[in-house]
>>> print(open('start01.csv').read())   # CSV, C-alpha atoms
chain,number,residue,atom,x,y,z
F,1,MET,CA,0.0,0.0,0.0
F,2,LYS,CA,2.8,2.5,0.9
F,3,THR,CA,4.6,1.7,-2.3
F,4,ARG,CA,1.4,2.2,-4.3
F,5,CYS,CA,0.7,5.5,-2.5
F,6,ALA,CA,4.3,6.7,-3.1
F,7,ILE,CA,3.9,6.0,-6.9
F,8,HIS,CA,0.6,7.8,-7.0
F,9,ALA,CA,2.1,10.8,-5.1
F,10,THR,CA,5.1,10.9,-7.5
F,11,LEU,CA,2.8,10.8,-10.6
F,12,ALA,CA,0.7,13.5,-9.1
F,13,VAL,CA,3.7,15.8,-8.7
F,14,ILE,CA,4.8,15.0,-12.2
F,15,ALA,CA,1.3,15.8,-13.6
F,16,THR,CA,1.3,19.1,-11.7
F,17,LEU,CA,4.7,20.0,-13.2
F,18,VAL,CA,3.7,19.1,-16.7
F,19,SER,CA,0.3,20.9,-16.5
F,20,SER,CA,2.1,24.0,-15.2
F,21,GLY,CA,3.9,24.4,-18.5
F,22,CYS,CA,7.4,24.3,-16.9
F,23,ALA,CA,8.8,22.5,-19.9
F,24,GLY,CA,8.1,25.4,-22.4
F,25,LYS,CA,10.7,27.7,-20.8
F,26,TYR,CA,13.5,25.4,-22.1
F,27,VAL,CA,12.5,25.8,-25.8
F,28,ARG,CA,13.5,29.0,-27.5
F,29,PRO,CA,12.1,29.7,-31.0
F,30,VAL,CA,14.7,29.3,-33.7
F,31,THR,CA,15.8,32.1,-36.0
F,32,ASP,CA,16.6,32.2,-39.7
F,33,GLU,CA,20.2,32.9,-39.0
F,34,ARG,CA,22.6,31.4,-41.6
F,35,VAL,CA,26.1,30.9,-40.4
F,36,GLU,CA,28.7,32.3,-42.8
F,37,ALA,CA,31.3,29.6,-43.7
F,38,THR,CA,34.8,31.1,-43.4
F,39,PRO,CA,38.2,29.3,-43.5
F,40,ALA,CA,38.8,30.2,-39.9
F,41,ARG,CA,35.5,28.8,-38.7
F,42,LEU,CA,36.0,25.6,-40.7
F,43,VAL,CA,39.4,25.0,-39.1
F,44,ARG,CA,38.2,25.9,-35.6
F,45,GLY,CA,35.1,23.8,-36.0
F,46,GLY,CA,37.1,20.8,-37.1
F,47,TYR,CA,39.3,21.1,-34.1
F,48,LEU,CA,36.4,21.3,-31.7
F,49,VAL,CA,34.4,18.4,-33.2
F,50,ASN,CA,37.4,16.1,-33.7
F,51,GLN,CA,39.6,16.8,-30.7
F,52,VAL,CA,38.1,18.8,-27.8
F,53,CYS,CA,34.4,17.8,-28.0
F,54,ALA,CA,35.3,14.4,-29.5
F,55,CYS,CA,31.9,14.1,-31.3
F,56,GLY,CA,33.0,11.1,-33.3
F,57,ALA,CA,33.6,9.0,-30.2
F,58,CYS,CA,29.8,8.5,-30.0
F,59,HIS,CA,28.5,9.7,-33.4
F,60,THR,CA,30.8,7.8,-35.8
F,61,THR,CA,29.3,4.5,-36.9
F,62,ARG,CA,30.6,1.2,-35.4
F,63,GLU,CA,30.2,-2.0,-37.3
F,64,HIS,CA,27.6,-3.4,-34.9
F,65,GLY,CA,26.8,-0.2,-33.1
F,66,ARG,CA,28.9,-1.0,-30.0
F,67,ILE,CA,30.5,2.2,-29.0
F,68,MET,CA,32.7,0.9,-26.1
F,69,SER,CA,34.2,-2.1,-27.9
F,70,GLU,CA,34.4,-1.4,-31.6
F,71,PRO,CA,36.5,1.0,-33.6
F,72,GLU,CA,35.1,4.0,-35.5
F,73,ARG,CA,34.4,3.3,-39.1
F,74,THR,CA,36.4,5.7,-41.3
F,75,ASP,CA,33.8,5.3,-44.1
F,76,ALA,CA,30.9,6.4,-41.8
F,77,PHE,CA,32.3,9.5,-40.1
F,78,LEU,CA,29.7,11.0,-37.8
F,79,GLY,CA,27.1,8.7,-39.4
F,80,GLY,CA,25.4,7.5,-36.2
F,81,GLY,CA,23.5,4.3,-35.9
F,82,ASN,CA,25.2,3.2,-32.6
F,83,MET,CA,23.4,2.2,-29.4
F,84,PHE,CA,24.4,3.7,-26.1
F,85,VAL,CA,23.9,1.8,-22.9
F,86,ALA,CA,22.8,4.0,-20.0
F,87,PRO,CA,22.0,1.9,-16.9
F,88,GLY,CA,19.0,3.3,-15.0
F,89,MET,CA,17.8,5.2,-18.1
F,90,SER,CA,17.8,2.9,-21.1
F,91,ASP,CA,19.9,0.2,-22.7
F,92,ASP,CA,19.0,1.3,-26.3
F,93,ILE,CA,19.6,5.0,-26.8
F,94,TRP,CA,20.1,5.6,-30.5
F,95,VAL,CA,23.0,7.8,-31.5
F,96,PRO,CA,22.0,9.9,-34.5
F,97,ASN,CA,23.6,10.7,-37.8
F,98,ILE,CA,25.0,14.3,-37.7
F,99,THR,CA,26.3,14.4,-41.3
F,100,PRO,CA,24.6,16.6,-43.9
F,101,ASP,CA,22.5,13.7,-45.3
F,102,ALA,CA,19.0,15.2,-45.7
F,103,GLU,CA,17.1,12.0,-45.0
F,104,THR,CA,19.0,10.3,-42.2
F,105,GLY,CA,21.2,13.1,-40.9
F,106,VAL,CA,20.9,16.8,-40.2
F,107,GLY,CA,21.0,18.1,-43.8
F,108,ALA,CA,17.4,19.4,-43.6
F,109,TRP,CA,18.0,21.2,-40.3
F,110,SER,CA,18.5,25.0,-40.3
F,111,ASP,CA,21.7,26.4,-38.8
F,112,ASP,CA,19.9,27.6,-35.7
F,113,GLU,CA,18.1,24.3,-35.2
F,114,LEU,CA,21.5,22.7,-35.0
F,115,MET,CA,22.9,25.3,-32.6
F,116,ARG,CA,19.8,24.9,-30.4
F,117,ALA,CA,20.3,21.2,-30.2
F,118,ILE,CA,24.0,21.4,-29.5
F,119,ARG,CA,23.9,24.0,-26.8
F,120,ASP,CA,20.4,23.7,-25.4
F,121,GLY,CA,19.5,20.0,-26.0
F,122,VAL,CA,16.3,20.7,-28.0
F,123,ALA,CA,15.7,18.7,-31.1
F,124,ARG,CA,14.4,20.1,-34.4
F,125,ASP,CA,10.8,19.2,-33.6
F,126,GLY,CA,11.1,20.7,-30.1
F,127,HIS,CA,11.5,17.5,-28.0
F,128,PHE,CA,14.1,17.3,-25.3
F,129,LEU,CA,17.3,15.3,-25.9
F,130,LEU,CA,18.4,12.8,-23.3
F,131,PRO,CA,21.5,13.8,-21.2
F,132,VAL,CA,23.6,11.2,-22.9
F,133,MET,CA,24.2,14.1,-25.3
F,134,PRO,CA,26.3,16.4,-23.1
F,135,PHE,CA,24.5,19.6,-24.0
F,136,ASP,CA,24.7,20.7,-20.3
F,137,SER,CA,28.5,20.9,-21.0
F,138,TYR,CA,28.1,22.4,-24.4
F,139,GLN,CA,26.0,25.3,-23.1
F,140,HIS,CA,29.5,26.8,-22.2
F,141,LEU,CA,30.5,26.9,-25.9
F,142,SER,CA,31.0,30.5,-27.0
F,143,ASP,CA,28.8,31.8,-29.7
F,144,GLU,CA,31.7,31.9,-32.2
F,145,ASP,CA,32.8,28.3,-31.4
F,146,LEU,CA,29.2,27.1,-31.8
F,147,ARG,CA,29.0,28.7,-35.2
F,148,SER,CA,32.3,27.1,-36.1
F,149,ILE,CA,31.0,23.7,-35.2
F,150,VAL,CA,28.0,24.2,-37.5
F,151,VAL,CA,30.2,25.3,-40.4
F,152,TYR,CA,32.3,22.1,-40.0
F,153,LEU,CA,29.4,19.8,-39.7
F,154,ARG,CA,28.0,21.2,-42.9
F,155,SER,CA,31.4,20.4,-44.6
F,156,VAL,CA,31.7,16.7,-43.8
F,157,PRO,CA,30.7,14.0,-46.3
F,158,ALA,CA,27.0,13.1,-46.1
F,159,PHE,CA,26.4,9.5,-45.0
F,160,LYS,CA,23.1,7.8,-45.5
F,161,GLN,CA,22.6,5.7,-42.3
F,162,PRO,CA,20.9,2.4,-43.5
F,163,LEU,CA,19.6,1.4,-40.0
F,164,PRO,CA,16.2,2.8,-38.9
F,165,ARG,CA,16.2,5.2,-36.0
F,166,THR,CA,14.8,3.7,-32.8
F,167,THR,CA,13.1,5.3,-29.8
F,168,PRO,CA,14.6,4.5,-26.3
F,169,LYS,CA,12.4,2.4,-24.1
F,170,LEU,CA,12.1,4.5,-20.9
F,171,ASP,CA,10.1,3.5,-17.9
F,172,LEU,CA,7.1,5.7,-17.1
F,173,VAL,CA,8.6,8.0,-14.5
F,174,PRO,CA,12.0,8.6,-16.4
F,175,ARG,CA,10.0,9.1,-19.6
F,176,VAL,CA,7.9,11.8,-18.1
F,177,LEU,CA,10.8,13.5,-16.2
F,178,PHE,CA,13.1,13.5,-19.3
F,179,THR,CA,10.6,14.1,-22.1
F,180,LYS,CA,7.9,16.3,-20.4
F,181,VAL,CA,9.3,17.9,-17.3
F,182,GLY,CA,12.8,18.4,-18.6
F,183,VAL,CA,14.7,17.7,-15.4
F,184,GLN,CA,17.9,17.5,-17.5
F,185,MET,CA,17.4,20.8,-19.2
F,186,HIS,CA,18.8,24.3,-18.7
F,187,LEU,CA,17.4,27.7,-19.8
F,188,PRO,CA,18.3,28.7,-23.4
F,189,THR,CA,21.9,29.8,-23.7
F,190,ARG,CA,22.7,33.2,-25.2
F,191,ASP,CA,25.6,35.6,-25.8
F,192,VAL,CA,28.4,33.4,-24.5
F,193,PRO,CA,31.8,35.2,-25.0
F,194,PRO,CA,35.1,33.3,-25.7
F,195,PRO,CA,37.4,32.7,-22.7
F,196,ASP,CA,40.3,35.0,-22.0
F,197,ALA,CA,43.2,33.4,-23.8
F,198,ASN,CA,45.6,35.1,-21.5
F,199,ASP,CA,44.1,33.6,-18.3
F,200,GLN,CA,45.2,30.0,-18.2
F,201,ILE,CA,42.8,28.9,-15.5
F,202,LYS,CA,39.8,30.4,-17.3
F,203,LEU,CA,40.9,28.9,-20.6
F,204,GLY,CA,41.5,25.5,-18.9
F,205,GLU,CA,38.0,25.7,-17.3
F,206,TYR,CA,36.6,26.4,-20.8
F,207,VAL,CA,38.3,23.4,-22.3
F,208,ALA,CA,37.2,21.2,-19.4
F,209,ASN,CA,33.6,22.4,-19.8
F,210,ILE,CA,33.3,21.8,-23.6
F,211,ALA,CA,35.2,18.5,-23.3
F,212,ALA,CA,32.5,17.4,-20.9
F,213,CYS,CA,34.9,16.3,-18.2
F,214,ALA,CA,32.3,16.8,-15.4
F,215,ALA,CA,29.7,14.7,-17.3
F,216,CYS,CA,31.7,11.6,-16.2
F,217,HIS,CA,34.1,12.8,-13.5
F,218,SER,CA,31.4,14.4,-11.4
F,219,LEU,CA,28.5,12.0,-12.2
F,220,THR,CA,26.1,11.0,-9.5
F,221,LYS,CA,22.8,9.1,-9.7
F,222,LYS,CA,21.0,12.4,-10.2
F,223,GLY,CA,23.4,13.8,-12.8
F,224,PRO,CA,26.7,15.7,-12.7
F,225,ARG,CA,27.6,17.7,-9.6
F,226,PRO,CA,27.8,21.5,-10.2
F,227,ALA,CA,31.1,23.4,-9.9
F,228,SER,CA,30.0,24.7,-6.5
F,229,ASP,CA,29.8,21.1,-5.1
F,230,PRO,CA,32.7,20.2,-2.7
F,231,GLN,CA,33.0,16.9,-4.6
F,232,PHE,CA,33.2,18.5,-8.1
F,233,LEU,CA,35.4,16.5,-10.4
F,234,ALA,CA,36.2,14.0,-7.6
F,235,GLY,CA,35.1,11.0,-9.6
F,236,SER,CA,31.9,9.2,-10.5
F,237,GLU,CA,29.6,8.1,-7.7
F,238,GLY,CA,28.8,4.8,-9.5
F,239,PRO,CA,30.4,2.8,-12.2
F,240,PHE,CA,29.9,2.9,-16.0
F,241,GLU,CA,28.8,-0.6,-16.9
F,242,GLU,CA,29.1,-2.2,-20.3
F,243,PRO,CA,28.8,-6.0,-20.9
F,244,SER,CA,31.9,-6.2,-23.0
F,245,VAL,CA,34.0,-4.1,-20.6
F,246,GLY,CA,32.7,-4.5,-17.1
F,247,LYS,CA,32.6,-1.7,-14.4
F,248,VAL,CA,34.7,1.4,-14.6
F,249,TRP,CA,34.6,4.4,-12.3
F,250,ALA,CA,35.7,7.8,-13.5
F,251,ARG,CA,38.8,8.9,-11.6
F,252,ASN,CA,39.2,11.8,-9.2
F,253,LEU,CA,40.6,14.8,-11.1
F,254,THR,CA,40.9,17.2,-8.2
F,255,PRO,CA,44.4,18.1,-6.9
F,256,ASP,CA,43.9,16.0,-3.7
F,257,LYS,CA,47.3,14.4,-3.1
F,258,GLU,CA,46.0,11.1,-1.8
F,259,THR,CA,43.0,10.3,-4.0
F,260,GLY,CA,43.3,12.7,-6.9
F,261,LEU,CA,46.0,14.2,-9.2
F,262,GLY,CA,47.9,16.2,-6.6
F,263,LYS,CA,50.9,13.8,-6.4
F,264,TYR,CA,51.5,13.8,-10.2
F,265,TRP,CA,53.5,16.3,-12.3
F,266,PRO,CA,51.7,18.3,-15.1
F,267,ASP,CA,53.6,16.4,-17.8
F,268,GLN,CA,52.4,13.1,-16.4
F,269,ILE,CA,48.8,14.2,-16.6
F,270,LYS,CA,49.2,15.5,-20.1
F,271,ALA,CA,50.9,12.3,-21.2
F,272,ALA,CA,48.0,10.3,-19.8
F,273,ILE,CA,45.5,12.2,-21.9
F,274,ARG,CA,47.7,12.0,-25.0
F,275,ASN,CA,48.7,8.3,-25.0
F,276,GLY,CA,45.9,6.7,-23.0
F,277,THR,CA,48.0,5.3,-20.2
F,278,ARG,CA,46.8,5.7,-16.7
F,279,LEU,CA,49.1,7.4,-14.1
F,280,ASP,CA,49.7,4.0,-12.6
F,281,GLY,CA,51.0,2.7,-15.9
F,282,LYS,CA,47.8,0.7,-16.9
F,283,ARG,CA,46.0,1.3,-20.1
F,284,ILE,CA,42.9,3.5,-19.8
F,285,ALA,CA,39.7,1.6,-20.3
F,286,PRO,CA,36.4,2.8,-21.8
F,287,PRO,CA,34.6,5.1,-21.7
F,288,MET,CA,37.8,7.3,-21.5
F,289,ALA,CA,39.6,5.0,-23.9
F,290,ILE,CA,37.2,5.9,-26.8
F,291,LEU,CA,38.0,9.6,-26.2
F,292,VAL,CA,41.8,9.3,-26.1
F,293,PRO,CA,42.2,9.1,-29.9
F,294,HIS,CA,40.4,12.5,-30.1
F,295,HIS,CA,41.7,14.2,-27.0
F,296,SER,CA,45.3,13.2,-27.9
F,297,GLY,CA,45.1,15.9,-30.5
F,298,ILE,CA,44.2,18.8,-28.2
F,299,ALA,CA,46.5,21.7,-28.8
F,300,GLU,CA,49.4,22.1,-26.4
F,301,ASP,CA,48.2,25.5,-25.2
F,302,ASP,CA,44.7,24.1,-24.4
F,303,LEU,CA,46.1,21.0,-22.8
F,304,GLU,CA,48.5,23.0,-20.7
F,305,SER,CA,45.7,25.3,-19.6
F,306,LEU,CA,43.5,22.3,-18.8
F,307,VAL,CA,46.1,20.9,-16.5
F,308,VAL,CA,46.7,24.2,-14.8
F,309,TYR,CA,42.9,24.5,-14.2
F,310,LEU,CA,42.7,21.0,-12.7
F,311,ARG,CA,45.7,21.7,-10.4
F,312,LYS,CA,45.0,25.3,-9.4
F,313,GLY,CA,41.4,26.1,-10.3
F,314,VAL,CA,39.7,23.1,-8.7
F,315,LYS,CA,39.4,22.5,-5.0
F,316,PRO,CA,41.0,19.3,-3.7
F,317,ALA,CA,38.3,16.7,-2.7
F,318,ARG,CA,39.0,13.5,-0.8
F,319,HIS,CA,37.3,10.7,-2.7
F,320,GLN,CA,38.9,7.3,-3.3
F,321,VAL,CA,37.3,5.9,-6.4
F,322,PRO,CA,37.0,2.1,-6.6
F,323,ASP,CA,39.3,0.4,-9.1
F,324,ARG,CA,37.8,-1.0,-12.2
F,325,GLU,CA,36.3,-4.4,-12.5
F,326,LEU,CA,36.9,-5.5,-16.1
F,327,THR,CA,35.6,-8.6,-17.9
F,328,ALA,CA,38.1,-11.3,-18.8
F,329,GLU,CA,38.1,-10.1,-22.4
F,330,ALA,CA,38.7,-6.5,-21.5
F,331,LYS,CA,41.6,-7.5,-19.2
F,332,LYS,CA,43.3,-8.9,-22.3
F,333,ILE,CA,43.2,-5.5,-23.8
F,334,TYR,CA,43.6,-3.1,-20.9
F,335,GLY,CA,45.3,-5.2,-18.3
F,336,ASP,CA,44.0,-5.9,-14.8
>>> encode(input="start01.csv", output="structure tokens")
Amino acid sequence: MKTRCAIHATLAVIATLVSSGCAGKYVRPVTDERVEATPARLVRGGYLVNQVCACGACHTTREHGRIMSEPERTDAFLGGGNMFVAPGMSDDIWVPNITPDAETGVGAWSDDELMRAIRDGVARDGHFLLPVMPFDSYQHLSDEDLRSIVVYLRSVPAFKQPLPRTTPKLDLVPRVLFTKVGVQMHLPTRDVPPPDANDQIKLGEYVANIAACAACHSLTKKGPRPASDPQFLAGSEGPFEEPSVGKVWARNLTPDKETGLGKYWPDQIKAAIRNGTRLDGKRIAPPMAILVPHHSGIAEDDLESLVVYLRKGVKPARHQVPDRELTAEAKKIYGD
């Protein structure tokens, strides 16, 4: 009886939120803005998509759609069709095609529809994206960087994804919270300036934000911790689970000397990001392993600023993250 009453109470609260129209404030109308394609924007957009934001890590097609265990197909760059496993949310989240193909990609989208989806998490038809897409991190993209990303996405070869798009199977409460209430949403983002290139900590914070570091390294059962939280970037609360990999906890990135990065030199941290080797000498496992091929190409100035931010711009937080529990097959690749 108590369980039934609790469910009814929860549904009543959700119904009240939905009927109050709270979801509408997250959807801004799109404009007819057309982003001018310039050589500078094309280069910058390519760098952001391929290195810092690492879009291909999820959006580039895998042979059987398994993001964590299969390599990216070079013939299907950003072509989507993969399935993302998000325990507690859904085991079948479709990763879309973001190439200019008009039928299966974003070729029919306007520039502002793309910008709204990237930074605000609102799809072309107005529905809310699931937080597997790190738009909470991308809200920090400057207006100019956002336009550069759009220019680059328009330039990549169109790929016609042959697999039909699927709808994730969410339970009732998550479905209402994510698709109607918008618990994962933020207010529309506007007028974001670029970071001060002369301030290493601010530039490093910008890189950490748009690289979505907090999306994993601050993740709790209710979502990422905000920067104001004492445990910000202190590692994930629970593990990332994937049948072919096992359980992996995101590490503590704060400068705590016992449980974080405080005992390591800056060059050691940079080397870990560039070559995919953990600071204890073991190979980095997924999900970070699928980002390494992208993050390894982050510009030296940006990487240096990121490390300065992690060492000086983030408060130390004591949190010993459990070590990974890999499958026998994954141990053959990444070690114990």
>>> atom_distance(input="start01.csv", atom1="atom CA of Ala57 of chain F", atom2="atom CA of Thr167 of chain F")
20.8 Å
>>> residues_around(input="start01.csv", residues="Asp256 of chain F", least_positions_apart="6", cutoff="6 Å", atoms="only C-alpha atoms", output="PyMOL selection string")
chain F and resi 262+316-317
>>> closest_atom_pairs(input="start01.csv", of="segment 191-282 of chain F", to="segment 111-119 of chain F", cutoff="12 Å", atoms="all atoms listed in the file", output="tab-separated table")
residue	atom	partner	partner_atom	distance
F:Asp191	CA	F:Arg119	CA	11.8
F:Val192	CA	F:Arg119	CA	10.7
F:Ile210	CA	F:Arg119	CA	10.2
>>> atom_distance(input="start01.csv", atom1="atom CA of Gly260 of chain F", atom2="atom CA of Ala211 of chain F")
19.2 Å
>>> closest_atom_pairs(input="start01.csv", of="segment 215-296 of chain F", to="segment 301-315 of chain F", cutoff="9 Å", atoms="all atoms listed in the file", output="JSON lines")
{"residue": "F:Ala227", "atom": "CA", "partner": "F:Val314", "partner_atom": "CA", "distance": 8.7}
{"residue": "F:Pro230", "atom": "CA", "partner": "F:Lys315", "partner_atom": "CA", "distance": 7.4}
{"residue": "F:Gln231", "atom": "CA", "partner": "F:Lys315", "partner_atom": "CA", "distance": 8.5}
{"residue": "F:Phe232", "atom": "CA", "partner": "F:Val314", "partner_atom": "CA", "distance": 8.0}
{"residue": "F:Leu233", "atom": "CA", "partner": "F:Val314", "partner_atom": "CA", "distance": 8.1}
{"residue": "F:Leu253", "atom": "CA", "partner": "F:Leu310", "partner_atom": "CA", "distance": 6.7}
{"residue": "F:Thr254", "atom": "CA", "partner": "F:Val314", "partner_atom": "CA", "distance": 6.0}
{"residue": "F:Pro255", "atom": "CA", "partner": "F:Arg311", "partner_atom": "CA", "distance": 5.2}
{"residue": "F:Asp256", "atom": "CA", "partner": "F:Lys315", "partner_atom": "CA", "distance": 8.0}
{"residue": "F:Leu261", "atom": "CA", "partner": "F:Arg311", "partner_atom": "CA", "distance": 7.6}
{"residue": "F:Gly262", "atom": "CA", "partner": "F:Arg311", "partner_atom": "CA", "distance": 7.0}
{"residue": "F:Pro266", "atom": "CA", "partner": "F:Val307", "partner_atom": "CA", "distance": 6.3}
{"residue": "F:Asp267", "atom": "CA", "partner": "F:Glu304", "partner_atom": "CA", "distance": 8.8}
{"residue": "F:Ile269", "atom": "CA", "partner": "F:Val307", "partner_atom": "CA", "distance": 7.2}
{"residue": "F:Lys270", "atom": "CA", "partner": "F:Leu303", "partner_atom": "CA", "distance": 6.9}
{"residue": "F:Ile273", "atom": "CA", "partner": "F:Leu303", "partner_atom": "CA", "distance": 8.9}
>>> residues_near_point(input="start01.csv", point="(27.6, 31.3, -20.2)", cutoff="7 Å", atoms="all atoms listed in the file", output="ChimeraX atom specification")
/F:139-140,189,192
>>> atom_distance(input="start01.csv", atom1="atom CA of Gly105 of chain F", atom2="atom CA of Ala289 of chain F")
26.3 Å
>>> residues_around(input="start01.csv", residues="Gly335 of chain F", least_positions_apart="5", cutoff="12 Å", atoms="all atoms listed in the file", output="list in words")
Val245, Thr277, Arg278, Asp280, Gly281, Lys282, Arg283, Ile284, Ala285, Arg324, Glu325, Leu326, Thr327, Ala328, Glu329 and Ala330 of chain F
>>> closest_residue(input="start01.csv", among="F:Ile298, F:Ala215, F:Val132, F:Cys58", to="Phe77 of chain F", atoms="all atoms listed in the file")
F:Cys58
>>> closest_residue(input="start01.csv", among="F:Arg318, F:His294, F:Lys332, F:Arg124", to="Cys55 of chain F", atoms="only C-alpha atoms")
F:His294
>>> residues_around(input="start01.csv", residues="Pro96 of chain F", least_positions_apart="6", cutoff="12 Å", atoms="all atoms listed in the file", output="ChimeraX atom specification")
/F:55-56,58-61,65,77-84,103-106,123,129,132-133,159-167
>>> residues_around(input="start01.csv", residues="Leu170 of chain F", least_positions_apart="4", cutoff="9 Å", atoms="all atoms listed in the file", output="MDAnalysis selection string")
chainID F and resid 89:90 174:176
>>> write_last_selection(input="start01.csv", atoms="C-alpha atoms", output="PDB file, in the coordinates of the input")
ATOM      1  CA  MET F  89      17.800   5.200 -18.100  1.00  0.00           C
ATOM      2  CA  SER F  90      17.800   2.900 -21.100  1.00  0.00           C
ATOM      3  CA  PRO F 174      12.000   8.600 -16.400  1.00  0.00           C
ATOM      4  CA  ARG F 175      10.000   9.100 -19.600  1.00  0.00           C
ATOM      5  CA  VAL F 176       7.900  11.800 -18.100  1.00  0.00           C
TER       6      VAL F 176
END
>>> residues_around(input="start01.csv", residues="Pro293 of chain F", least_positions_apart="5", cutoff="9 Å", atoms="all atoms listed in the file", output="compact mmCIF listing (two decimals) with C-alpha atoms, keeping the file's coordinate frame")
# COMPACT_ATOMS: atom_id res chain seq x y z
CA GLN F 51 39.60 16.80 -30.70
CA ALA F 54 35.30 14.40 -29.50
CA ALA F 57 33.60 9.00 -30.20
CA ARG F 274 47.70 12.00 -25.00
CA ASN F 275 48.70 8.30 -25.00
CA GLY F 276 45.90 6.70 -23.00
>>> closest_residue(input="start01.csv", among="F:Ala272, F:Ala108, F:Cys216, F:Ile98", to="Asp125 of chain F", atoms="all atoms listed in the file")
F:Ala108
>>> closest_residue(input="start01.csv", among="F:Ser137, F:Ser296, F:Gln184, F:Gln320", to="Ser236 of chain F", atoms="all atoms listed in the file")
F:Gln320
>>> closest_residue(input="start01.csv", among="F:Pro286, F:Phe128, F:Glu300, F:Leu279", to="Pro71 of chain F", atoms="only C-alpha atoms")
F:Pro286
